[in-house]
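Here is final.cif, consisting of mmCIF, C-alpha atoms (C1' of nucleotides):
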data_data
loop_
_atom_site.label_atom_id
_atom_site.label_comp_id
_atom_site.auth_asym_id
_atom_site.auth_seq_id
_atom_site.Cartn_x
_atom_site.Cartn_y
_atom_site.Cartn_z
CA MET Q 461 19.15 -45.06 -6.20
CA TYR Q 462 19.77 -41.46 -7.14
CA THR Q 463 21.40 -38.60 -5.28
CA ILE Q 464 19.61 -35.28 -5.04
CA LYS Q 465 22.00 -33.87 -7.66
CA GLU Q 466 21.13 -36.63 -10.11
CA VAL Q 467 17.40 -36.18 -9.55
CA SER Q 468 17.85 -32.45 -10.04
CA GLU Q 469 19.45 -33.08 -13.44
CA ILE Q 470 17.07 -35.82 -14.55
CA MET Q 471 13.89 -34.02 -13.54
CA GLU Q 472 15.09 -30.47 -14.19
CA VAL Q 473 14.17 -29.27 -10.73
CA SER Q 474 16.73 -27.41 -8.59
CA GLU Q 475 18.23 -29.14 -5.57
CA HIS Q 476 16.91 -26.30 -3.46
CA THR Q 477 13.39 -26.93 -4.67
CA LEU Q 478 13.72 -30.68 -4.16
CA ARG Q 479 14.76 -30.11 -0.53
CA PHE Q 480 11.92 -27.63 -0.12
CA TRP Q 481 9.46 -30.16 -1.54
CA ALA Q 482 10.90 -32.92 0.62
CA LYS Q 483 10.48 -30.71 3.69
CA SER Q 484 6.90 -30.04 2.57
CA GLY Q 485 6.18 -33.77 2.77
CA PHE Q 486 5.89 -34.40 -0.96
CA PHE Q 487 8.20 -37.42 -0.92
CA PRO Q 488 6.84 -39.48 1.92
CA PHE Q 489 8.82 -42.68 1.41
CA ILE Q 490 12.27 -41.34 0.74
CA THR Q 491 15.14 -43.10 2.48
CA ARG Q 492 18.52 -41.91 3.72
CA ASP Q 493 21.95 -43.47 3.45
CA LYS Q 494 24.26 -43.87 6.43
CA ASN Q 495 25.36 -40.22 6.07
CA ASN Q 496 21.77 -38.99 6.23
CA ASN Q 497 21.79 -38.14 2.52
CA ARG Q 498 18.53 -38.66 0.66
CA GLN Q 499 18.31 -41.67 -1.63
CA PHE Q 500 15.76 -41.29 -4.41
CA SER Q 501 14.35 -44.57 -5.71
CA GLU Q 502 12.55 -44.99 -9.05
CA ASP Q 503 9.32 -44.67 -7.13
CA ASP Q 504 10.52 -41.43 -5.58
CA LEU Q 505 11.20 -40.14 -9.10
CA GLY Q 506 7.54 -40.85 -9.77
CA TRP Q 507 6.62 -38.62 -6.83
CA VAL Q 508 8.90 -35.88 -8.14
CA ARG Q 509 7.26 -36.23 -11.55
CA ILE Q 510 3.68 -35.85 -10.33
CA VAL Q 511 4.59 -33.02 -7.94
CA LYS Q 512 6.37 -31.18 -10.75
CA CYS Q 513 3.35 -31.75 -12.96
CA LEU Q 514 0.89 -30.42 -10.40
CA ARG Q 515 3.08 -27.40 -9.62
CA SER Q 516 3.61 -26.55 -13.28
CA VAL Q 517 -0.12 -26.24 -13.83
CA GLY Q 518 -0.40 -23.96 -10.81
CA THR Q 519 -1.57 -26.29 -8.04
CA ASP Q 520 -0.59 -24.74 -4.71
CA ASN Q 521 1.61 -26.65 -2.32
CA LYS Q 522 -1.13 -27.17 0.24
CA SER Q 523 -3.26 -28.98 -2.35
CA ILE Q 524 -0.28 -31.05 -3.45
CA LYS Q 525 0.30 -32.13 0.14
CA LYS Q 526 -3.36 -33.09 0.32
CA TYR Q 527 -3.03 -35.23 -2.82
CA VAL Q 528 0.10 -36.93 -1.48
CA ASP Q 529 -1.63 -37.65 1.82
CA LEU Q 530 -4.61 -39.15 -0.02
CA CYS Q 531 -2.21 -41.44 -1.90
CA ILE Q 532 -0.75 -42.62 1.40
CA VAL Q 533 -4.16 -43.45 2.84
CA GLY Q 534 -4.82 -45.95 0.06
CA ASP Q 535 -7.80 -47.49 -1.71
CA SER Q 536 -10.51 -45.52 0.02
CA THR Q 537 -9.34 -42.25 -1.54
CA ILE Q 538 -9.16 -43.36 -5.17
CA LYS Q 539 -12.28 -41.49 -6.25
CA GLU Q 540 -11.08 -38.31 -4.56
CA ARG Q 541 -7.68 -38.54 -6.22
CA TYR Q 542 -9.31 -39.23 -9.57
CA ASP Q 543 -11.34 -36.03 -9.21
CA ILE Q 544 -8.19 -34.04 -8.40
CA ILE Q 545 -6.47 -35.36 -11.52
CA ARG Q 546 -9.55 -34.59 -13.60
CA SER Q 547 -9.82 -31.00 -12.42
CA THR Q 548 -6.08 -30.52 -12.76
CA LYS Q 549 -6.32 -31.71 -16.35
CA GLU Q 550 -9.17 -29.30 -16.94
CA LYS Q 551 -7.04 -26.48 -15.58
CA ALA Q 552 -4.14 -27.50 -17.81
CA LEU Q 553 -6.39 -27.43 -20.88
CA GLN Q 554 -7.56 -23.94 -19.95
CA GLN Q 555 -3.94 -22.85 -19.63
CA MET Q 556 -3.25 -24.30 -23.05
CA GLN Q 557 -6.05 -22.16 -24.46
CA GLU Q 558 -4.78 -19.07 -22.65
CA LEU Q 559 -1.28 -19.70 -23.98
CA LYS Q 560 -2.63 -19.96 -27.52
CA THR Q 561 -4.39 -16.63 -27.10
CA GLN Q 562 -1.20 -14.98 -25.86
CA LEU Q 563 0.73 -16.52 -28.75
CA GLU Q 564 -1.69 -14.87 -31.17
CA LEU Q 565 -0.92 -11.48 -29.65
CA LEU Q 566 2.81 -12.18 -29.80
CA ASP Q 567 2.43 -13.20 -33.46
CA TYR Q 568 0.64 -9.96 -34.16
CA LYS Q 569 3.33 -7.91 -32.42
CA GLU Q 570 6.04 -9.82 -34.22
CA LYS Q 571 4.54 -9.02 -37.61
CA PHE Q 572 3.90 -5.46 -36.54
CA TYR Q 573 7.59 -4.95 -35.78
CA GLU Q 574 8.71 -6.84 -38.89
CA ASN Q 575 6.59 -4.51 -40.95
CA LEU Q 576 8.11 -1.49 -39.25
CA ILE Q 577 11.64 -2.77 -39.78
CA GLU Q 578 11.25 -3.91 -43.38
CA ASN Q 579 9.47 -0.81 -44.58
CA ASN Q 580 11.15 1.78 -42.39
CA LEU Q 581 7.73 2.93 -41.25
CA GLU Q 582 7.26 5.31 -38.38
CA ASP Q 583 6.71 3.85 -34.96
CA ILE Q 584 3.10 4.41 -34.06
CA TRP Q 585 3.96 3.23 -30.58
CA ASN Q 586 6.00 6.34 -30.11
CA PRO Q 587 3.88 8.64 -27.97
CA MET Q 588 5.46 11.67 -29.68
CA ASN Q 589 3.65 10.60 -32.83
CA ASN Q 590 0.22 11.15 -31.39
CA LYS Q 591 -0.72 7.79 -32.85
CA MET Q 592 -0.78 5.37 -30.03
CA GLN Q 593 -1.11 1.67 -30.21
CA LYS Q 594 -4.20 0.42 -31.95
CA VAL Q 595 -4.03 -3.16 -30.78
CA MET J 1205 -12.87 5.61 -20.96
CA TYR J 1206 -12.99 2.72 -18.49
CA THR J 1207 -12.81 2.60 -14.71
CA ILE J 1208 -10.38 0.26 -13.02
CA LYS J 1209 -13.29 -2.04 -12.16
CA GLU J 1210 -14.36 -2.26 -15.80
CA VAL J 1211 -10.82 -2.95 -16.94
CA SER J 1212 -10.53 -5.61 -14.25
CA GLU J 1213 -13.62 -7.35 -15.62
CA ILE J 1214 -12.78 -6.94 -19.31
CA MET J 1215 -9.16 -8.05 -19.00
CA GLU J 1216 -9.63 -10.53 -16.16
CA VAL J 1217 -6.96 -8.95 -14.01
CA SER J 1218 -7.70 -8.03 -10.38
CA GLU J 1219 -7.98 -4.35 -9.45
CA HIS J 1220 -5.18 -4.93 -6.96
CA THR J 1221 -2.90 -6.17 -9.69
CA LEU J 1222 -3.85 -3.32 -12.02
CA ARG J 1223 -2.88 -0.80 -9.33
CA PHE J 1224 0.30 -2.71 -8.66
CA TRP J 1225 1.15 -2.67 -12.37
CA ALA J 1226 0.26 1.00 -12.64
CA LYS J 1227 2.58 1.75 -9.73
CA SER J 1228 5.27 -0.30 -11.48
CA GLY J 1229 5.08 2.08 -14.43
CA PHE J 1230 3.44 -0.34 -16.87
CA PHE J 1231 0.74 2.15 -17.97
CA PRO J 1232 2.75 5.27 -18.71
CA PHE J 1233 0.05 7.38 -20.36
CA ILE J 1234 -2.88 6.78 -18.08
CA THR J 1235 -4.94 9.83 -17.14
CA ARG J 1236 -6.97 10.74 -14.05
CA ASP J 1237 -10.40 12.29 -13.69
CA LYS J 1238 -11.10 15.25 -11.42
CA ASN J 1239 -11.33 12.89 -8.44
CA ASN J 1240 -7.90 11.42 -9.13
CA ASN J 1241 -9.42 8.15 -10.34
CA ARG J 1242 -7.62 6.41 -13.18
CA GLN J 1243 -9.24 6.59 -16.62
CA PHE J 1244 -8.25 3.74 -18.92
CA SER J 1245 -8.44 4.58 -22.63
CA GLU J 1246 -8.56 1.98 -25.43
CA ASP J 1247 -4.81 2.49 -25.78
CA ASP J 1248 -4.37 1.82 -22.08
CA LEU J 1249 -6.28 -1.44 -22.55
CA GLY J 1250 -3.63 -2.29 -25.13
CA TRP J 1251 -0.95 -1.76 -22.51
CA VAL J 1252 -2.83 -3.98 -20.07
CA ARG J 1253 -3.11 -6.61 -22.79
CA ILE J 1254 0.60 -6.76 -23.59
CA VAL J 1255 1.61 -6.62 -19.93
CA LYS J 1256 -0.77 -9.47 -19.12
CA CYS J 1257 0.64 -11.40 -22.06
CA LEU J 1258 4.26 -10.90 -20.99
CA ARG J 1259 3.46 -11.79 -17.36
CA SER J 1260 1.51 -14.90 -18.29
CA VAL J 1261 4.51 -16.34 -20.09
CA GLY J 1262 6.70 -15.63 -17.07
CA THR J 1263 8.44 -12.37 -17.97
CA ASP J 1264 9.53 -10.68 -14.74
CA ASN J 1265 8.31 -7.21 -13.90
CA LYS J 1266 11.72 -5.62 -14.34
CA SER J 1267 11.88 -6.84 -17.94
CA ILE J 1268 8.33 -5.66 -18.58
CA LYS J 1269 9.26 -2.20 -17.33
CA LYS J 1270 12.23 -2.25 -19.68
CA TYR J 1271 9.98 -3.13 -22.63
CA VAL J 1272 7.53 -0.36 -21.72
CA ASP J 1273 10.37 2.13 -21.46
CA LEU J 1274 11.68 1.07 -24.87
CA CYS J 1275 8.22 1.69 -26.32
CA ILE J 1276 8.24 5.19 -24.88
CA VAL J 1277 11.63 6.02 -26.37
CA GLY J 1278 10.30 5.42 -29.88
CA ASP J 1279 11.66 4.45 -33.30
CA SER J 1280 15.26 3.85 -32.28
CA THR J 1281 14.29 0.87 -30.11
CA ILE J 1282 12.17 -1.03 -32.63
CA LYS J 1283 14.77 -3.74 -33.28
CA GLU J 1284 15.30 -4.25 -29.56
CA ARG J 1285 11.56 -4.56 -28.92
CA TYR J 1286 11.24 -6.95 -31.84
CA ASP J 1287 13.89 -9.19 -30.30
CA ILE J 1288 12.06 -9.16 -26.97
CA ILE J 1289 8.81 -10.22 -28.65
CA ARG J 1290 10.64 -12.94 -30.56
CA SER J 1291 12.28 -14.43 -27.50
CA THR J 1292 9.04 -14.15 -25.54
CA LYS J 1293 7.29 -16.08 -28.29
CA GLU J 1294 10.02 -18.69 -28.17
CA LYS J 1295 9.49 -19.03 -24.43
CA ALA J 1296 5.73 -19.35 -24.90
CA LEU J 1297 6.23 -22.18 -27.41
CA GLN J 1298 8.46 -24.00 -24.95
CA GLN J 1299 5.79 -23.63 -22.29
CA MET J 1300 3.26 -25.04 -24.70
CA GLN J 1301 5.47 -28.09 -25.16
CA GLU J 1302 5.94 -28.47 -21.41
CA LEU J 1303 2.19 -28.22 -20.88
CA LYS J 1304 1.62 -30.96 -23.47
CA THR J 1305 4.08 -33.20 -21.64
CA GLN J 1306 2.32 -32.62 -18.34
CA LEU J 1307 -1.04 -33.29 -19.96
CA GLU J 1308 0.24 -36.67 -21.09
CA LEU J 1309 1.07 -37.56 -17.49
CA LEU J 1310 -2.35 -36.35 -16.33
CA ASP J 1311 -3.98 -38.46 -19.06
CA TYR J 1312 -2.06 -41.48 -17.86
CA LYS J 1313 -3.05 -40.90 -14.24
CA GLU J 1314 -6.65 -40.34 -15.26
CA LYS J 1315 -6.79 -43.69 -17.05
CA PHE J 1316 -4.94 -45.34 -14.20
CA TYR J 1317 -7.60 -44.26 -11.74
CA GLU J 1318 -10.46 -45.04 -14.13
CA ASN J 1319 -9.11 -48.54 -14.43
CA LEU J 1320 -8.93 -48.88 -10.67
CA ILE J 1321 -12.47 -47.61 -10.22
CA GLU J 1322 -14.10 -49.60 -13.02
CA ASN J 1323 -12.46 -52.89 -12.16
CA ASN J 1324 -12.28 -52.55 -8.40
CA LEU J 1325 -8.58 -53.29 -8.55
CA GLU J 1326 -6.31 -52.82 -5.61
CA ASP J 1327 -4.54 -49.52 -5.24
CA ILE J 1328 -0.92 -50.10 -6.08
CA TRP J 1329 -0.29 -46.57 -4.82
CA ASN J 1330 -1.07 -47.77 -1.35
CA PRO J 1331 2.29 -48.21 0.37
CA MET J 1332 0.85 -51.07 2.44
CA ASN J 1333 0.64 -53.08 -0.75
CA ASN J 1334 4.37 -53.15 -1.28
CA LYS J 1335 3.69 -52.27 -4.89
CA MET J 1336 4.50 -48.66 -5.23
CA GLN J 1337 3.86 -46.45 -8.14
CA LYS J 1338 5.41 -47.58 -11.38
CA VAL J 1339 4.99 -44.34 -13.31
"C1'" DA P 1492 -29.32 17.46 5.74
"C1'" DA P 1493 -27.97 13.11 7.09
"C1'" DC P 1494 -27.15 8.52 5.73
"C1'" DT P 1495 -26.09 4.61 2.93
"C1'" DT P 1496 -24.05 2.33 -1.01
"C1'" DG P 1497 -20.59 1.80 -4.15
"C1'" DC P 1498 -16.79 3.12 -6.07
"C1'" DT P 1499 -12.08 4.99 -5.82
"C1'" DT P 1500 -7.39 6.21 -3.72
"C1'" DG P 1501 -2.57 5.06 -1.50
"C1'" DA P 1502 -0.15 2.89 2.26
"C1'" DT P 1503 1.03 -1.01 4.42
"C1'" DA P 1504 1.27 -5.76 5.99
"C1'" DG P 1505 1.18 -10.48 4.89
"C1'" DC P 1506 1.50 -14.53 1.96
"C1'" DT P 1507 3.46 -18.22 -1.28
"C1'" DG P 1508 7.00 -20.48 -3.29
"C1'" DC P 1509 10.98 -20.41 -4.13
"C1'" DT P 1510 16.24 -18.92 -4.16
"C1'" DA P 1511 20.50 -17.80 -2.13
"C1'" DT P 1512 23.75 -18.06 1.60
"C1'" DC P 1513 25.75 -20.19 5.34
"C1'" DA P 1514 28.33 -23.37 8.48
"C1'" DA P 1515 29.07 -28.05 9.18
"C1'" DG P 1516 29.64 -32.83 7.97
"C1'" DT P 1517 31.27 -36.91 4.79
"C1'" DT P 1518 33.77 -38.99 1.07
"C1'" DG P 1519 37.30 -39.72 -2.40
"C1'" DT P 1520 41.58 -38.50 -4.58
"C1'" DA P 1521 46.57 -36.60 -4.39
"C1'" DT W 1125 47.09 -33.76 5.27
"C1'" DA W 1126 44.75 -31.17 2.36
"C1'" DC W 1127 41.53 -30.31 -1.15
"C1'" DA W 1128 37.49 -30.71 -3.89
"C1'" DA W 1129 32.95 -32.19 -4.40
"C1'" DC W 1130 29.14 -33.48 -2.49
"C1'" DT W 1131 25.58 -33.46 1.19
"C1'" DT W 1132 22.77 -31.62 5.31
"C1'" DG W 1133 19.48 -28.13 7.79
"C1'" DA W 1134 18.76 -23.43 9.19
"C1'" DT W 1135 18.00 -19.03 7.94
"C1'" DA W 1136 17.35 -14.85 5.31
"C1'" DG W 1137 15.82 -12.64 1.32
"C1'" DC W 1138 13.12 -12.00 -2.79
"C1'" DA W 1139 9.23 -11.40 -6.46
"C1'" DG W 1140 4.74 -10.74 -7.26
"C1'" DC W 1141 0.94 -10.51 -5.77
"C1'" DT W 1142 -3.18 -10.32 -2.23
"C1'" DA W 1143 -5.61 -8.60 1.61
"C1'" DT W 1144 -6.69 -4.97 4.78
"C1'" DC W 1145 -7.17 -0.43 6.07
"C1'" DA W 1146 -8.66 4.45 6.47
"C1'" DA W 1147 -10.04 8.09 3.73
"C1'" DG W 1148 -12.41 10.41 0.04
"C1'" DC W 1149 -16.01 11.35 -3.49
"C1'" DA W 1150 -20.66 10.87 -5.93
"C1'" DA W 1151 -25.25 9.58 -6.34
"C1'" DG W 1152 -29.43 8.03 -4.43
"C1'" DT W 1153 -32.87 7.51 -0.23
"C1'" DT W 1154 -35.25 8.97 3.69
#

Please express the file's structure as structure tokens.
Amino acid sequence: MYTIKEVSEIMEVSEHTLRFWAKSGFFPFITRDKNNNRQFSEDDLGWVRIVKCLRSVGTDNKSIKKYVDLCIVGDSTIKERYDIIRSTKEKALQQMQELKTQLELLDYKEKFYENLIENNLEDIWNPMNNKMQKV
Amino acid sequence: MYTIKEVSEIMEVSEHTLRFWAKSGFFPFITRDKNNNRQFSEDDLGWVRIVKCLRSVGTDNKSIKKYVDLCIVGDSTIKERYDIIRSTKEKALQQMQELKTQLELLDYKEKFYENLIENNLEDIWNPMNNKMQKV
DNA sequence: AACTTGCTTGATAGCTGCTATCAAGTTGTA
DNA sequence: TACAACTTGATAGCAGCTATCAAGCAAGTT
């Protein structure tokens, strides 16, 4: 059993966010000790993991709650949950592509500035130069 | 010259967001036509591109404004801007790694559900089974 | 000329998902 | 007995959109 602080460190999610998620119903089977403090089991860590995963690819909290609720219902919702995972994966792959595109621009900018620094060239970004950005 | 609608379509950023960014000072050299409508030049598209890039890797708007202001100052801020691009790139690479990790989990879940569906196995996610999630 | 359609503007209100602050309670160590 | 370190829930605040609104202009139709 883990305390909220331990889970926060293990999963790299703030305690605040964990409480917020708990309040949102994302950890349906969590137990409490005699002082009312949350006790996270290994299974609960699994819930944290999938919630973190869904959030980090931009799934909104309402949809996450829906997924959690489907899990609770059981067998009859397997196909529906499978479809959610599939479309989430699709979204993640698109984000990967987008990130690659942005990295290309950052690479270009990086080289642009390196060139300026190494060769003491004028800064075409400077609006006073009448030579604005060409990329 | 492009209208805000055209820019919205080309750059895949909502008109709302473009106006919000404009108001935030992210497009410092934008001009207006005789009806006070914004006219985006090719250079302005470049500003939209870099702002979108910085936002999509999680740079906050205050930091973006700072970067834009450094660009306006000119030559003397080249090193500073270079450092910002470098650290932004670093952040983007970390996000790429994080995304890969999350994709692994999604792959696992996908196969988990495929296995359930193909073999008509019981749903160990179902809490009534007393066999909660093991991943 | 009047009307409609389609675009634009700025102001403002509302939303999501945290994030920070707070008082209050429990536990362990000195 | 005090304190430090943890926990709780409630509440307020924040960033970054997102949606709604009235108002204005331009071009085309009747």

What's around Tyr527 of chain Q at 9 Å? Count all atoms listed in the file, leave out sequence neighbours fewer than 6 positions away in its own chain, and write the answer as a short mmCIF file (atom, residue, chain, number, x, y, z; two decimals) with C-alpha atoms, in the coordinates of the input.
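Okay, selection_3.cif is ready:
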data_model
loop_
_atom_site.label_atom_id
_atom_site.label_comp_id
_atom_site.auth_asym_id
_atom_site.auth_seq_id
_atom_site.Cartn_x
_atom_site.Cartn_y
_atom_site.Cartn_z
CA GLU Q 540 -11.08 -38.31 -4.56
CA ARG Q 541 -7.68 -38.54 -6.22
CA ILE Q 544 -8.19 -34.04 -8.40
#

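Distance cut-off 12 Å, centre (8.1, -9.0, -13.9), atoms counted only C-alpha atoms (C1' of nucleotides); the residues meeting this are Phe1224, Trp1225, Ser1228, Gly1229, Phe1230, Val1255, Lys1256, Cys1257, Leu1258, Arg1259, Ser1260, Val1261, Gly1262, Thr1263, Asp1264, Asn1265, Lys1266, Ser1267, Ile1268, Lys1269, Lys1270, Tyr1271 and Val1272 of chain J; DA1139, DG1140 and DC1141 of chain W.
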
- All residues 12 Å or closer to DA1504 of chain P, only C-alpha atoms (C1' of nucleotides), same chain fewer than 5 positions away omitted, as a PyMOL selection string: chain W and resi 1142-1145

- Given the file shown, enumerate the residues that the PyMOL selection byres ((chain P) within 10 of (chain J)) captures and present them as a PyMOL selection string. chain P and resi 1498-1501

- Item | Atom-to-atom span, atom CA of Asp535 of chain Q and atom CA of Tyr1317 of chain J, Å | 10.5 Å

As a PDB file, in the frame of the given file, could you write out segment 1287-1317 of chain J once it has been completed with N, CA and C atoms?
ATOM      1  N   ASP J1287      13.161  -8.060 -30.862  1.00  0.00           N
ATOM      2  CA  ASP J1287      13.890  -9.190 -30.300  1.00  0.00           C
ATOM      3  C   ASP J1287      13.231  -9.699 -29.023  1.00  0.00           C
ATOM      4  N   ILE J1288      12.736  -8.760 -28.210  1.00  0.00           N
ATOM      5  CA  ILE J1288      12.060  -9.160 -26.970  1.00  0.00           C
ATOM      6  C   ILE J1288      10.803  -9.967 -27.291  1.00  0.00           C
ATOM      7  N   ILE J1289      10.022  -9.492 -28.259  1.00  0.00           N
ATOM      8  CA  ILE J1289       8.810 -10.220 -28.650  1.00  0.00           C
ATOM      9  C   ILE J1289       9.169 -11.599 -29.185  1.00  0.00           C
ATOM     10  N   ARG J1290      10.216 -11.652 -30.003  1.00  0.00           N
ATOM     11  CA  ARG J1290      10.640 -12.940 -30.560  1.00  0.00           C
ATOM     12  C   ARG J1290      11.029 -13.941 -29.478  1.00  0.00           C
ATOM     13  N   SER J1291      11.831 -13.489 -28.524  1.00  0.00           N
ATOM     14  CA  SER J1291      12.280 -14.430 -27.500  1.00  0.00           C
ATOM     15  C   SER J1291      11.136 -14.793 -26.548  1.00  0.00           C
ATOM     16  N   THR J1292      10.213 -13.852 -26.363  1.00  0.00           N
ATOM     17  CA  THR J1292       9.040 -14.150 -25.540  1.00  0.00           C
ATOM     18  C   THR J1292       8.200 -15.226 -26.221  1.00  0.00           C
ATOM     19  N   LYS J1293       8.063 -15.093 -27.532  1.00  0.00           N
ATOM     20  CA  LYS J1293       7.290 -16.080 -28.290  1.00  0.00           C
ATOM     21  C   LYS J1293       7.953 -17.459 -28.193  1.00  0.00           C
ATOM     22  N   GLU J1294       9.259 -17.440 -28.291  1.00  0.00           N
ATOM     23  CA  GLU J1294      10.020 -18.690 -28.170  1.00  0.00           C
ATOM     24  C   GLU J1294       9.736 -19.361 -26.824  1.00  0.00           C
ATOM     25  N   LYS J1295       9.743 -18.537 -25.783  1.00  0.00           N
ATOM     26  CA  LYS J1295       9.490 -19.030 -24.430  1.00  0.00           C
ATOM     27  C   LYS J1295       8.072 -19.597 -24.322  1.00  0.00           C
ATOM     28  N   ALA J1296       7.126 -18.907 -24.939  1.00  0.00           N
ATOM     29  CA  ALA J1296       5.730 -19.350 -24.900  1.00  0.00           C
ATOM     30  C   ALA J1296       5.577 -20.711 -25.587  1.00  0.00           C
ATOM     31  N   LEU J1297       6.301 -20.895 -26.688  1.00  0.00           N
ATOM     32  CA  LEU J1297       6.230 -22.180 -27.410  1.00  0.00           C
ATOM     33  C   LEU J1297       6.811 -23.305 -26.569  1.00  0.00           C
ATOM     34  N   GLN J1298       7.887 -22.993 -25.849  1.00  0.00           N
ATOM     35  CA  GLN J1298       8.460 -24.000 -24.950  1.00  0.00           C
ATOM     36  C   GLN J1298       7.470 -24.368 -23.852  1.00  0.00           C
ATOM     37  N   GLN J1299       6.782 -23.366 -23.330  1.00  0.00           N
ATOM     38  CA  GLN J1299       5.790 -23.630 -22.290  1.00  0.00           C
ATOM     39  C   GLN J1299       4.650 -24.500 -22.818  1.00  0.00           C
ATOM     40  N   MET J1300       4.297 -24.235 -24.060  1.00  0.00           N
ATOM     41  CA  MET J1300       3.260 -25.040 -24.700  1.00  0.00           C
ATOM     42  C   MET J1300       3.694 -26.511 -24.734  1.00  0.00           C
ATOM     43  N   GLN J1301       4.943 -26.732 -25.092  1.00  0.00           N
ATOM     44  CA  GLN J1301       5.470 -28.090 -25.160  1.00  0.00           C
ATOM     45  C   GLN J1301       5.468 -28.736 -23.778  1.00  0.00           C
ATOM     46  N   GLU J1302       5.913 -27.980 -22.793  1.00  0.00           N
ATOM     47  CA  GLU J1302       5.940 -28.470 -21.410  1.00  0.00           C
ATOM     48  C   GLU J1302       4.540 -28.847 -20.946  1.00  0.00           C
ATOM     49  N   LEU J1303       3.587 -27.993 -21.276  1.00  0.00           N
ATOM     50  CA  LEU J1303       2.190 -28.220 -20.880  1.00  0.00           C
ATOM     51  C   LEU J1303       1.667 -29.503 -21.532  1.00  0.00           C
ATOM     52  N   LYS J1304       2.029 -29.727 -22.783  1.00  0.00           N
ATOM     53  CA  LYS J1304       1.620 -30.960 -23.470  1.00  0.00           C
ATOM     54  C   LYS J1304       2.172 -32.186 -22.768  1.00  0.00           C
ATOM     55  N   THR J1305       3.447 -32.086 -22.365  1.00  0.00           N
ATOM     56  CA  THR J1305       4.080 -33.200 -21.640  1.00  0.00           C
ATOM     57  C   THR J1305       3.335 -33.485 -20.346  1.00  0.00           C
ATOM     58  N   GLN J1306       3.021 -32.434 -19.606  1.00  0.00           N
ATOM     59  CA  GLN J1306       2.320 -32.620 -18.340  1.00  0.00           C
ATOM     60  C   GLN J1306       0.919 -33.180 -18.566  1.00  0.00           C
ATOM     61  N   LEU J1307       0.293 -32.768 -19.649  1.00  0.00           N
ATOM     62  CA  LEU J1307      -1.040 -33.290 -19.960  1.00  0.00           C
ATOM     63  C   LEU J1307      -0.996 -34.782 -20.239  1.00  0.00           C
ATOM     64  N   GLU J1308       0.095 -35.229 -20.839  1.00  0.00           N
ATOM     65  CA  GLU J1308       0.240 -36.670 -21.090  1.00  0.00           C
ATOM     66  C   GLU J1308       0.267 -37.446 -19.777  1.00  0.00           C
ATOM     67  N   LEU J1309       1.006 -36.903 -18.800  1.00  0.00           N
ATOM     68  CA  LEU J1309       1.070 -37.560 -17.490  1.00  0.00           C
ATOM     69  C   LEU J1309      -0.311 -37.570 -16.831  1.00  0.00           C
ATOM     70  N   LEU J1310      -1.006 -36.439 -16.927  1.00  0.00           N
ATOM     71  CA  LEU J1310      -2.350 -36.350 -16.330  1.00  0.00           C
ATOM     72  C   LEU J1310      -3.305 -37.334 -17.009  1.00  0.00           C
ATOM     73  N   ASP J1311      -3.168 -37.479 -18.331  1.00  0.00           N
ATOM     74  CA  ASP J1311      -3.980 -38.460 -19.060  1.00  0.00           C
ATOM     75  C   ASP J1311      -3.711 -39.874 -18.544  1.00  0.00           C
ATOM     76  N   TYR J1312      -2.425 -40.149 -18.350  1.00  0.00           N
ATOM     77  CA  TYR J1312      -2.060 -41.480 -17.860  1.00  0.00           C
ATOM     78  C   TYR J1312      -2.667 -41.741 -16.488  1.00  0.00           C
ATOM     79  N   LYS J1313      -2.514 -40.752 -15.606  1.00  0.00           N
ATOM     80  CA  LYS J1313      -3.050 -40.900 -14.240  1.00  0.00           C
ATOM     81  C   LYS J1313      -4.572 -41.061 -14.278  1.00  0.00           C
ATOM     82  N   GLU J1314      -5.197 -40.279 -15.139  1.00  0.00           N
ATOM     83  CA  GLU J1314      -6.650 -40.340 -15.260  1.00  0.00           C
ATOM     84  C   GLU J1314      -7.084 -41.766 -15.608  1.00  0.00           C
ATOM     85  N   LYS J1315      -6.448 -42.330 -16.621  1.00  0.00           N
ATOM     86  CA  LYS J1315      -6.790 -43.690 -17.050  1.00  0.00           C
ATOM     87  C   LYS J1315      -6.465 -44.714 -15.981  1.00  0.00           C
ATOM     88  N   PHE J1316      -5.347 -44.465 -15.297  1.00  0.00           N
ATOM     89  CA  PHE J1316      -4.940 -45.340 -14.200  1.00  0.00           C
ATOM     90  C   PHE J1316      -6.050 -45.433 -13.148  1.00  0.00           C
ATOM     91  N   TYR J1317      -6.554 -44.277 -12.761  1.00  0.00           N
ATOM     92  CA  TYR J1317      -7.600 -44.260 -11.740  1.00  0.00           C
ATOM     93  C   TYR J1317      -8.925 -44.806 -12.270  1.00  0.00           C
TER      94      TYR J1317
END
